[in-house]
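Chemist: Structure below; questions to follow.
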Amino acid sequence: MSAPESLTIRRPDDWHLHLRDGPILRAVVGYTARQFARAIVMPNLVPPVVATAEIAAYRDRILAALPDGARFTPLMTAYLTDNIDPDDLAQGHADGVITAAKLYPAGATTNSDRGVTDIRKIDAALARMAEIGMPLLVHGEVTHGHVDIFDREAVFIEEVLKPLMDRQPDLKIVLEHITTAEAVAAVEGGGARIAATVTPHHLLINRTDLFRGGVRPHLYCLPIAKRERHRQAVRAFATSGQSRVFLGTDSAPHPIAEKESACGCAGIFSAPSALELYAEAFEEDGVLDRLEAFASLNGPAFYGLPVNQETVTLTRAPLNVDGPITIDADTAILPFRSGETLRWRLS
Ligand code: NCD
Ligand code: ZN
């Protein structure tokens, strides 16, 4: 069979996205709105968006920042803290403001200082979420300084996720941006109530790529890329046709100066060519026909939302990934694979 020259799929959604706020929001949101109909927007602003009123105001700023004519719906999330108010969470969900709530273990990643210090402290909120069918989105890494950074996801699964799943059997969970064979096994074996998102970069890079020829700060994100065996396990899962794994870019823009620094921050900005990056991986594995389920069907099914009615078409044509995106005179952001050429292009 000859390779297809184009692929038409239902319009996809991004189930894990950082849009930031202010000038960066205005610079990046159009890239996502061009590709995706909806996105689950992360709440890790400074300060984080915790209460329904703050989340509604953030949603309005996102809508106001959209380019003219964009057709895009931000699906908002609440940032869980030790003191989260279960009533406010439930009300925000009932009012359609909040789609899901996000667990950042305190200190796990960018802007997670106000995250949860001990998951037992939010048992009441989690029980309420289970009752009302509100999904919990999990950054699955422990934060103990003595746990090796490459083991933090696997240790989280044993120490936090599995006990949580036992305590809250009805809670719907998305284990986000998975990076390990252990995460694949936990989701595959966890039944209908748990799903995973996978980023384009975790399909494409392993930890050796972070140090190829020198340190590569633009490939640093959390959870950090793992060894090749784990990349292969995550990729096999994402491209397997299993319905409980779906697209979540974790596109996370940071100014170049904060990435290329003595203490560079975590996050990879992939929004400008996200779908094309996933298409490369699926094509390499000979399963382009499974891209639609991963990108456009599995996420809505898990969240209980309708699939998008529109379609998009990817064409086999060289795509040059843009160079730095200028925010202002002092600030620019470098997209993942900037300066390289991809094989697919969104029409
Ligand atoms: C994210 C960010 O920059 O907000 N960074 C990252 O490395 N993925 C936070 C996150 O999702 O962990
Ligand atoms: Zn993220």
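So you can find residues: chains in the structure tokens are A, B, ... in the order shown, residues in each start at 1, and ligands are numbered from 1 in order.
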Let me see if you get this right: every residue at most 12 Å from ligand 2, counting only C-alpha atoms and all ligand atoms, written as a PyMOL selection string.
Modeler: chain A and resi 14-20+40-45+77+102-104+108-112+137-140+175-178+197-199+221-224+248-253+266-270
Chemist: Please list as a ChimeraX atom specification every residue within 9 Å of A:Leu204, counting only C-alpha atoms and excluding residues in the same chain fewer than 6 positions away.
Modeler: /A:231,235,277-278,281
Chemist: For A:Thr143, list every protein, DNA or RNA residue within 8 Å, evaluated using only C-alpha atoms, and leave out those in the same chain fewer than 4 positions away; present the list as JSON, numbers by chain.
Modeler: {"A": [105, 106, 107, 108, 147, 152]}
Chemist: Excluding A:Pro300 and its own-chain neighbours fewer than 3 positions away, which residues fall within 12 Å of it when counting only C-alpha atoms? Please give them as a ChimeraX atom specification.
Modeler: /A:10-15,37-40,75,99,195,243-247,292-297,303-308
Chemist: For the residues selected in the previous step, produce a file with C-alpha atoms as a compact mmCIF listing (two decimals), in the first residue's frame.
Modeler:
# COMPACT_ATOMS: atom_id res chain seq x y z
CA ARG A 10 -12.22 15.22 12.95
CA ARG A 11 -10.90 18.43 14.42
CA PRO A 12 -8.70 17.46 17.41
CA ASP A 13 -8.56 18.75 20.98
CA ASP A 14 -5.57 19.31 23.27
CA TRP A 15 -6.22 17.77 26.68
CA ALA A 37 -11.22 23.01 18.79
CA ARG A 38 -10.86 22.78 22.56
CA ALA A 39 -8.09 22.58 25.10
CA ILE A 40 -7.85 21.74 28.77
CA LEU A 75 -11.93 24.06 29.03
CA THR A 99 -14.17 21.02 33.59
CA ALA A 195 -6.74 7.50 31.20
CA SER A 243 -9.07 4.21 23.86
CA ARG A 244 -7.83 5.46 27.25
CA VAL A 245 -4.86 7.37 25.90
CA PHE A 246 -5.14 10.70 24.12
CA LEU A 247 -3.45 13.87 22.94
CA GLU A 292 -7.87 10.39 14.68
CA ALA A 293 -8.88 8.29 17.68
CA PHE A 294 -5.89 9.54 19.70
CA ALA A 295 -6.32 13.19 18.72
CA SER A 296 -10.07 13.62 18.30
CA LEU A 297 -12.16 10.75 19.72
CA TYR A 303 -14.54 13.36 29.47
CA GLY A 304 -18.12 12.61 28.33
CA LEU A 305 -18.09 15.47 25.82
CA PRO A 306 -19.30 15.45 22.21
CA VAL A 307 -16.74 14.95 19.45
CA ASN A 308 -16.09 17.90 17.15
Chemist: Got a sec: who's within 12 Å of A:Leu219, counting only C-alpha atoms, leaving out chain neighbours fewer than 3 positions off, as a PyMOL selection string?
Modeler: chain A and resi 200-202+204-212+214-216+222-226+251-252+254+259-260+264-270+334-338
Chemist: Taking only C-alpha atoms and all ligand atoms into account, name the residue in A:Thr117, A:Glu258, A:Glu158, A:Asn83 that is nearest to ligand 1.
Modeler: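 Smallest distance to ligand 1 is found for A:Glu258.
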Chemist: Per DSSP on the backbone, filter stretch 156-204 of chain A down to the residues in strand (DSSP E or B) and report them as a list in words.
Modeler: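 Here are the strand (DSSP E or B) residues of stretch 156-204 of chain A: Ile173, Val174, Leu175, Ile194, Ala195, Ala196, Thr197 and Val198 of chain A.
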Chemist: For the residues selected in the previous step, produce a file with N, CA, C and O atoms as a JSON list (two decimals), in the first residue's frame.
Modeler:
[["chain", "number", "residue", "atom", "x", "y", "z"],
["A", 173, "ILE", "N", -9.74, 9.72, 36.72],
["A", 173, "ILE", "CA", -8.38, 10.27, 36.80],
["A", 173, "ILE", "C", -7.73, 10.30, 35.42],
["A", 173, "ILE", "O", -7.82, 9.33, 34.66],
["A", 174, "VAL", "N", -7.08, 11.42, 35.11],
["A", 174, "VAL", "CA", -6.19, 11.45, 33.94],
["A", 174, "VAL", "C", -4.76, 11.59, 34.46],
["A", 174, "VAL", "O", -4.42, 12.57, 35.13],
["A", 175, "LEU", "N", -3.96, 10.58, 34.20],
["A", 175, "LEU", "CA", -2.53, 10.65, 34.52],
["A", 175, "LEU", "C", -1.88, 11.36, 33.34],
["A", 175, "LEU", "O", -1.87, 10.86, 32.22],
["A", 194, "ILE", "N", -9.56, 5.40, 34.51],
["A", 194, "ILE", "CA", -8.29, 6.14, 34.39],
["A", 194, "ILE", "C", -7.82, 6.16, 32.94],
["A", 194, "ILE", "O", -7.97, 5.18, 32.21],
["A", 195, "ALA", "N", -7.28, 7.33, 32.56],
["A", 195, "ALA", "CA", -6.74, 7.50, 31.20],
["A", 195, "ALA", "C", -5.42, 8.26, 31.31],
["A", 195, "ALA", "O", -5.05, 8.74, 32.38],
["A", 196, "ALA", "N", -4.72, 8.38, 30.18],
["A", 196, "ALA", "CA", -3.44, 9.08, 30.15],
["A", 196, "ALA", "C", -3.42, 10.05, 28.98],
["A", 196, "ALA", "O", -4.05, 9.82, 27.95],
["A", 197, "THR", "N", -2.64, 11.14, 29.15],
["A", 197, "THR", "CA", -2.30, 11.96, 27.98],
["A", 197, "THR", "C", -0.81, 11.74, 27.69],
["A", 197, "THR", "O", -0.03, 11.39, 28.57],
["A", 198, "VAL", "N", -0.47, 11.98, 26.42],
["A", 198, "VAL", "CA", 0.92, 11.83, 25.97],
["A", 198, "VAL", "C", 1.29, 13.07, 25.15],
["A", 198, "VAL", "O", 0.52, 13.51, 24.29]]
Chemist: Enumerate the residues of stretch 61-299 of chain A with a DSSP assignment of alpha helix (DSSP H), computed from the backbone, and present them as a ChimeraX atom specification.
Modeler: /A:61-65,86-94,123-132,152-156,162-167,181-188,200-204,228-238,256-259,274-284,291-292,298-299
Chemist: Do a neighbour search on A:Thr239 at 8 Å with only C-alpha atoms, toss out local chain neighbours closer than 3 positions, and write the hits as a PyMOL selection string.
Modeler: chain A and resi 235-236+242+282+285+287+290-291+294
Chemist: Limited to all heavy atoms, could you put the picked residues into a file as a PDB file, in the first residue's frame?
Modeler:
ATOM      1  N   ARG A 235       5.259   5.288  23.573  1.00  0.00           N
ATOM      2  CA  ARG A 235       4.874   5.441  22.170  1.00  0.00           C
ATOM      3  C   ARG A 235       4.025   4.256  21.693  1.00  0.00           C
ATOM      4  O   ARG A 235       3.027   4.439  21.001  1.00  0.00           O
ATOM      5  CB  ARG A 235       6.134   5.571  21.320  1.00  0.00           C
ATOM      6  CG  ARG A 235       5.799   5.771  19.872  1.00  0.00           C
ATOM      7  CD  ARG A 235       6.732   6.743  19.276  1.00  0.00           C
ATOM      8  NE  ARG A 235       6.886   6.448  17.866  1.00  0.00           N
ATOM      9  CZ  ARG A 235       7.634   7.149  17.058  1.00  0.00           C
ATOM     10  NH1 ARG A 235       8.318   8.184  17.514  1.00  0.00           N
ATOM     11  NH2 ARG A 235       7.715   6.861  15.785  1.00  0.00           N
ATOM     12  N   ALA A 236       4.401   3.048  22.086  1.00  0.00           N
ATOM     13  CA  ALA A 236       3.612   1.873  21.694  1.00  0.00           C
ATOM     14  C   ALA A 236       2.198   1.990  22.252  1.00  0.00           C
ATOM     15  O   ALA A 236       1.216   1.643  21.583  1.00  0.00           O
ATOM     16  CB  ALA A 236       4.287   0.595  22.192  1.00  0.00           C
ATOM     17  N   GLN A 242      -5.569   1.784  21.832  1.00  0.00           N
ATOM     18  CA  GLN A 242      -6.247   1.759  23.146  1.00  0.00           C
ATOM     19  C   GLN A 242      -7.001   3.080  23.323  1.00  0.00           C
ATOM     20  O   GLN A 242      -6.487   4.155  22.992  1.00  0.00           O
ATOM     21  CB  GLN A 242      -5.175   1.543  24.227  1.00  0.00           C
ATOM     22  CG  GLN A 242      -5.427   2.117  25.595  1.00  0.00           C
ATOM     23  CD  GLN A 242      -6.486   1.376  26.383  1.00  0.00           C
ATOM     24  OE1 GLN A 242      -7.630   1.838  26.433  1.00  0.00           O
ATOM     25  NE2 GLN A 242      -6.142   0.254  26.974  1.00  0.00           N
ATOM     26  N   PHE A 282       3.075   8.847  14.478  1.00  0.00           N
ATOM     27  CA  PHE A 282       2.116   7.807  14.069  1.00  0.00           C
ATOM     28  C   PHE A 282       2.492   7.243  12.698  1.00  0.00           C
ATOM     29  O   PHE A 282       2.368   6.038  12.458  1.00  0.00           O
ATOM     30  CB  PHE A 282       0.678   8.357  14.068  1.00  0.00           C
ATOM     31  CG  PHE A 282       0.032   8.316  15.429  1.00  0.00           C
ATOM     32  CD1 PHE A 282       0.460   9.154  16.452  1.00  0.00           C
ATOM     33  CD2 PHE A 282      -1.001   7.421  15.701  1.00  0.00           C
ATOM     34  CE1 PHE A 282      -0.131   9.103  17.719  1.00  0.00           C
ATOM     35  CE2 PHE A 282      -1.601   7.359  16.967  1.00  0.00           C
ATOM     36  CZ  PHE A 282      -1.162   8.204  17.975  1.00  0.00           C
ATOM     37  N   ASP A 285       5.352   4.789  12.843  1.00  0.00           N
ATOM     38  CA  ASP A 285       4.941   3.484  13.370  1.00  0.00           C
ATOM     39  C   ASP A 285       3.930   2.792  12.459  1.00  0.00           C
ATOM     40  O   ASP A 285       3.399   1.732  12.816  1.00  0.00           O
ATOM     41  CB  ASP A 285       4.352   3.651  14.779  1.00  0.00           C
ATOM     42  CG  ASP A 285       5.416   4.072  15.785  1.00  0.00           C
ATOM     43  OD1 ASP A 285       6.589   4.262  15.379  1.00  0.00           O
ATOM     44  OD2 ASP A 285       5.092   4.218  16.973  1.00  0.00           O
ATOM     45  N   VAL A 287       0.878   3.686  11.645  1.00  0.00           N
ATOM     46  CA  VAL A 287      -0.495   3.653  12.155  1.00  0.00           C
ATOM     47  C   VAL A 287      -1.168   5.030  12.053  1.00  0.00           C
ATOM     48  O   VAL A 287      -1.912   5.431  12.949  1.00  0.00           O
ATOM     49  CB  VAL A 287      -0.558   3.143  13.618  1.00  0.00           C
ATOM     50  CG1 VAL A 287      -0.213   1.666  13.680  1.00  0.00           C
ATOM     51  CG2 VAL A 287       0.357   3.958  14.527  1.00  0.00           C
ATOM     52  N   ARG A 290      -4.648   5.536  13.081  1.00  0.00           N
ATOM     53  CA  ARG A 290      -5.071   5.609  14.491  1.00  0.00           C
ATOM     54  C   ARG A 290      -4.930   7.011  15.080  1.00  0.00           C
ATOM     55  O   ARG A 290      -5.247   7.238  16.245  1.00  0.00           O
ATOM     56  CB  ARG A 290      -4.239   4.633  15.342  1.00  0.00           C
ATOM     57  CG  ARG A 290      -4.515   3.194  14.976  1.00  0.00           C
ATOM     58  CD  ARG A 290      -3.730   2.269  15.887  1.00  0.00           C
ATOM     59  NE  ARG A 290      -3.929   0.893  15.473  1.00  0.00           N
ATOM     60  CZ  ARG A 290      -3.108  -0.104  15.787  1.00  0.00           C
ATOM     61  NH1 ARG A 290      -2.039   0.129  16.523  1.00  0.00           N
ATOM     62  NH2 ARG A 290      -3.355  -1.319  15.369  1.00  0.00           N
ATOM     63  N   LEU A 291      -4.432   7.947  14.270  1.00  0.00           N
ATOM     64  CA  LEU A 291      -4.219   9.297  14.799  1.00  0.00           C
ATOM     65  C   LEU A 291      -5.550   9.951  15.193  1.00  0.00           C
ATOM     66  O   LEU A 291      -5.635  10.646  16.198  1.00  0.00           O
ATOM     67  CB  LEU A 291      -3.489  10.170  13.756  1.00  0.00           C
ATOM     68  CG  LEU A 291      -3.166  11.595  14.196  1.00  0.00           C
ATOM     69  CD1 LEU A 291      -2.203  11.618  15.385  1.00  0.00           C
ATOM     70  CD2 LEU A 291      -2.568  12.404  13.029  1.00  0.00           C
ATOM     71  N   PHE A 294      -6.770   8.959  18.683  1.00  0.00           N
ATOM     72  CA  PHE A 294      -5.891   9.536  19.702  1.00  0.00           C
ATOM     73  C   PHE A 294      -6.124  11.042  19.844  1.00  0.00           C
ATOM     74  O   PHE A 294      -6.146  11.595  20.953  1.00  0.00           O
ATOM     75  CB  PHE A 294      -4.443   9.251  19.301  1.00  0.00           C
ATOM     76  CG  PHE A 294      -3.401   9.853  20.201  1.00  0.00           C
ATOM     77  CD1 PHE A 294      -3.061   9.268  21.408  1.00  0.00           C
ATOM     78  CD2 PHE A 294      -2.730  11.020  19.820  1.00  0.00           C
ATOM     79  CE1 PHE A 294      -2.082   9.823  22.232  1.00  0.00           C
ATOM     80  CE2 PHE A 294      -1.757  11.583  20.636  1.00  0.00           C
ATOM     81  CZ  PHE A 294      -1.428  10.979  21.857  1.00  0.00           C
TER      82      PHE A 294
END
Chemist: Suppose you want the space between atom CA of A:Glu182 and atom CA of A:Ile157; what is it in Å?
Modeler: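 Distance between the two atoms: 7.7 Å.
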Chemist: What does the distance from atom CA of A:Ile132 to atom CA of A:Leu171 come to in Å, to one decimal?
Modeler: 9.2 Å
Chemist: May I ask for the distance between atom CA of A:Gly30 and atom CA of A:Leu63, given in Å to one decimal place?
Modeler: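 Those two atoms sit 10.6 Å apart.
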Chemist: Given only C-alpha atoms as the basis, pick out the residue of A:Val28, A:Ser347, A:Thr311, A:Val321 nearest to A:Thr8.
Modeler: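 The answer is A:Thr311, which sits nearest to A:Thr8.
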Chemist: Nearest to A:Ala274: which of A:Leu203, A:Ala186, A:Ile256, A:Ala64 is it, counting only C-alpha atoms?
Modeler: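 Checking each candidate against A:Ala274, we get A:Leu203 as the closest.
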